[in-house]
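Q: Sharing a structure with you now.
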Amino acid sequence: MTQTNLLLISGSLRGGSWNRKLVIEAARLFDGNPFMADLDLPLYSGDIEDRAGIPAKVRQFHAQIAAADAVAISTPEYNQSLSGVLKNVLDWVSRVDGNPWAEKPVAIMSAAAGRAGGARAQYSLRHALNPFQPRLLTGPEVMVAGPDGEFDAEGRLTDELYRNALSALMAKLKAETGCAARMAA
């Protein structure tokens with residue numbers, strides 16, 4: 001039996017970010033074949049596109065989405081919204097032929113310093129993903145508030161409530177990949 005390909009997307013470029021830790025923890029609980037997206041892309045510009053076409057890194061990200069059976073996205077909350085990094089990759093992907101997001105099972109989570117743990121970022125990310133028509137899971141919601149104290153030295157969540165919610169979300173995402181395979185057949 002082949003393992004399920006899980007694309008991991010952290011909305012933060014910082015290597016030690018809470019959102020990178022959260023999406024890696026999600027992959028551990030998912031128990032599949034995870035691979036991390038590289039979102040370090042140039043800012044979208046029609047001038048770049050006109051001059052040189054779609055950058056190779058954008059095409060690679062597009063192909064990663066297409067190759068994934070499911071996607072887990074963890075977003076920080078910047079100024080009450082998703083990160084510019086995430087918005088930028090969505091803008092770039094929209095310029096490539098084909099829609100790799102269509103009917104793709106997607107789980108969203110967040111880690112943010114505020115008391116709401118990134119709730120507004122998740123809302124804005126759902127809104128930004130809507131034109132692509134993925135199968136966005138509605139829950140359970142995973143919003144890690146004050147994440148600087150929520151991960152141990154190995155990057156694992158220490159709070160039982162967060163671990164349980166993330167585990168349930170990943171189980172639901174895994175079940176959705178079976179649903180996607182049945183729909184494609």
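Each chain in the structure tokens gets a letter, A, B, ..., in the order shown, and its residues are numbered from 1; ligands are numbered from 1 in order too.
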Excluding range 121-134 of chain A and any residue of its chain fewer than 3 positions from it, enumerate the residues within 6 Å of it, using only C-alpha atoms, and give them as a ChimeraX atom specification.
A: /A:77,81-82,101-104,118
Q: Excluding Arg59 in chain A and residues on its chain fewer than 3 positions from it, collect all residues at most 12 Å away from it, counting only C-alpha atoms, and give them as number ranges by chain.
A: A: 37-39, 41, 53-56, 62-66, 89, 92-100
Q: Need the shell around Glu25 in chain A: protein/DNA/RNA residues with any atom at most 10 Å away, counting only C-alpha atoms. Skip same-chain ones fewer than 2 positions apart. Format as a PDB file with N, CA and C atoms, in the first residue's frame?
A:
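The resulting file, around.pdb, is reproduced below:
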ATOM      1  N   ASN A  19       4.758  28.165  13.157  1.00  0.00           N
ATOM      2  CA  ASN A  19       3.907  27.555  12.135  1.00  0.00           C
ATOM      3  C   ASN A  19       4.621  26.426  11.412  1.00  0.00           C
ATOM      4  N   ARG A  20       5.917  26.546  11.224  1.00  0.00           N
ATOM      5  CA  ARG A  20       6.690  25.429  10.661  1.00  0.00           C
ATOM      6  C   ARG A  20       6.653  24.248  11.632  1.00  0.00           C
ATOM      7  N   LYS A  21       6.841  24.528  12.921  1.00  0.00           N
ATOM      8  CA  LYS A  21       6.772  23.462  13.928  1.00  0.00           C
ATOM      9  C   LYS A  21       5.392  22.804  13.930  1.00  0.00           C
ATOM     10  N   LEU A  22       4.350  23.627  13.834  1.00  0.00           N
ATOM     11  CA  LEU A  22       2.984  23.109  13.882  1.00  0.00           C
ATOM     12  C   LEU A  22       2.686  22.208  12.688  1.00  0.00           C
ATOM     13  N   VAL A  23       3.091  22.609  11.499  1.00  0.00           N
ATOM     14  CA  VAL A  23       2.797  21.796  10.321  1.00  0.00           C
ATOM     15  C   VAL A  23       3.653  20.522  10.305  1.00  0.00           C
ATOM     16  N   ALA A  27       2.255  16.685  10.334  1.00  0.00           N
ATOM     17  CA  ALA A  27       2.724  15.608   9.456  1.00  0.00           C
ATOM     18  C   ALA A  27       3.041  14.355  10.259  1.00  0.00           C
ATOM     19  N   ARG A  28       3.627  14.526  11.430  1.00  0.00           N
ATOM     20  CA  ARG A  28       3.932  13.370  12.285  1.00  0.00           C
ATOM     21  C   ARG A  28       2.646  12.643  12.666  1.00  0.00           C
ATOM     22  N   LEU A  29       1.613  13.398  12.995  1.00  0.00           N
ATOM     23  CA  LEU A  29       0.337  12.798  13.381  1.00  0.00           C
ATOM     24  C   LEU A  29      -0.408  12.215  12.183  1.00  0.00           C
ATOM     25  N   PHE A  30      -0.189  12.759  11.001  1.00  0.00           N
ATOM     26  CA  PHE A  30      -0.844  12.295   9.780  1.00  0.00           C
ATOM     27  C   PHE A  30      -0.332  10.923   9.366  1.00  0.00           C
ATOM     28  N   PHE A 151       5.479  24.390  22.551  1.00  0.00           N
ATOM     29  CA  PHE A 151       6.257  23.343  21.886  1.00  0.00           C
ATOM     30  C   PHE A 151       7.437  22.965  22.763  1.00  0.00           C
ATOM     31  N   GLU A 154      11.781  19.210  21.078  1.00  0.00           N
ATOM     32  CA  GLU A 154      11.708  18.422  19.832  1.00  0.00           C
ATOM     33  C   GLU A 154      10.660  18.974  18.862  1.00  0.00           C
ATOM     34  N   GLY A 155      10.000  20.085  19.222  1.00  0.00           N
ATOM     35  CA  GLY A 155       9.004  20.690  18.352  1.00  0.00           C
ATOM     36  C   GLY A 155       7.622  20.080  18.473  1.00  0.00           C
ATOM     37  N   ARG A 156       7.401  19.298  19.520  1.00  0.00           N
ATOM     38  CA  ARG A 156       6.083  18.674  19.717  1.00  0.00           C
ATOM     39  C   ARG A 156       5.214  19.550  20.605  1.00  0.00           C
ATOM     40  N   LEU A 157       3.930  19.539  20.294  1.00  0.00           N
ATOM     41  CA  LEU A 157       2.982  20.287  21.119  1.00  0.00           C
ATOM     42  C   LEU A 157       2.942  19.708  22.527  1.00  0.00           C
ATOM     43  N   ARG A 163      -2.884  19.099  21.067  1.00  0.00           N
ATOM     44  CA  ARG A 163      -2.488  17.812  20.457  1.00  0.00           C
ATOM     45  C   ARG A 163      -3.711  17.029  19.996  1.00  0.00           C
ATOM     46  N   LEU A 166      -5.307  18.713  16.921  1.00  0.00           N
ATOM     47  CA  LEU A 166      -4.478  18.509  15.730  1.00  0.00           C
ATOM     48  C   LEU A 166      -4.550  17.063  15.271  1.00  0.00           C
ATOM     49  N   SER A 167      -4.547  16.142  16.191  1.00  0.00           N
ATOM     50  CA  SER A 167      -4.661  14.723  15.848  1.00  0.00           C
ATOM     51  C   SER A 167      -5.999  14.445  15.159  1.00  0.00           C
TER      52      SER A 167
END
Q: So how many Å separate CA of Leu7 in chain A and CA of Asn33 in chain A, to one decimal?
A: 8.5 Å
Q: Could you pull out the residues in range 62-118 of chain A that DSSP calls strand (DSSP E) from the backbone, as a list in words?
A: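 Output for range 62-118 of chain A, strand (DSSP E) only: Ala70, Val71, Ala72, Ile73, Ser74, Thr75, Pro105, Val106, Ala107, Ile108, Met109, Ser110, Ala111 and Ala112 of chain A.
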Q: For the selection just defined, write its residues with C-alpha atoms to a file, as an mmCIF file, in the first residue's frame.
A:
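Listing of again.cif after writing:
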data_model
loop_
_atom_site.group_PDB
_atom_site.id
_atom_site.type_symbol
_atom_site.label_atom_id
_atom_site.label_comp_id
_atom_site.auth_asym_id
_atom_site.auth_seq_id
_atom_site.Cartn_x
_atom_site.Cartn_y
_atom_site.Cartn_z
ATOM 1 C CA ALA A 70 -3.693 16.342 0.734
ATOM 2 C CA VAL A 71 -2.330 19.683 1.957
ATOM 3 C CA ALA A 72 -1.746 21.001 5.476
ATOM 4 C CA ILE A 73 -1.279 24.766 5.774
ATOM 5 C CA SER A 74 -0.211 26.567 8.927
ATOM 6 C CA THR A 75 -0.471 30.337 8.823
ATOM 7 C CA PRO A 105 -8.373 18.109 0.688
ATOM 8 C CA VAL A 106 -6.837 20.979 2.674
ATOM 9 C CA ALA A 107 -6.472 21.388 6.436
ATOM 10 C CA ILE A 108 -5.736 24.819 7.879
ATOM 11 C CA MET A 109 -4.143 25.547 11.237
ATOM 12 C CA SER A 110 -2.379 28.485 12.857
ATOM 13 C CA ALA A 111 -0.038 29.518 15.618
ATOM 14 C CA ALA A 112 -0.015 33.165 16.626
#
Q: So the first atom is CA of Phe61 in chain A and the second is CA of Leu137 in chain A; what is the distance between them in Å, to one decimal place?
A: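 Going from CA of Phe61 in chain A over to CA of Leu137 in chain A, I get 21.4 Å.
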Q: Would you list, as a VMD selection string, the residues of chain A that end up in alpha helix (DSSP H) under DSSP run on this structure's backbone?
A: chain A and resid 18 to 30 46 to 52 56 to 67 84 to 93 119 to 129 160 to 184
Q: Tell me which of A:Glu160, A:Glu176, A:Asp152, A:Glu141 sits closest to Thr4 in chain A, counting only C-alpha atoms.
A: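 Closest to Thr4 in chain A of all the choices is A:Glu176.
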Q: Pick from A:Arg135, A:Arg120, A:Thr177, A:Leu86: nearest to Leu43 in chain A, with only C-alpha atoms counted?
A: A:Leu86
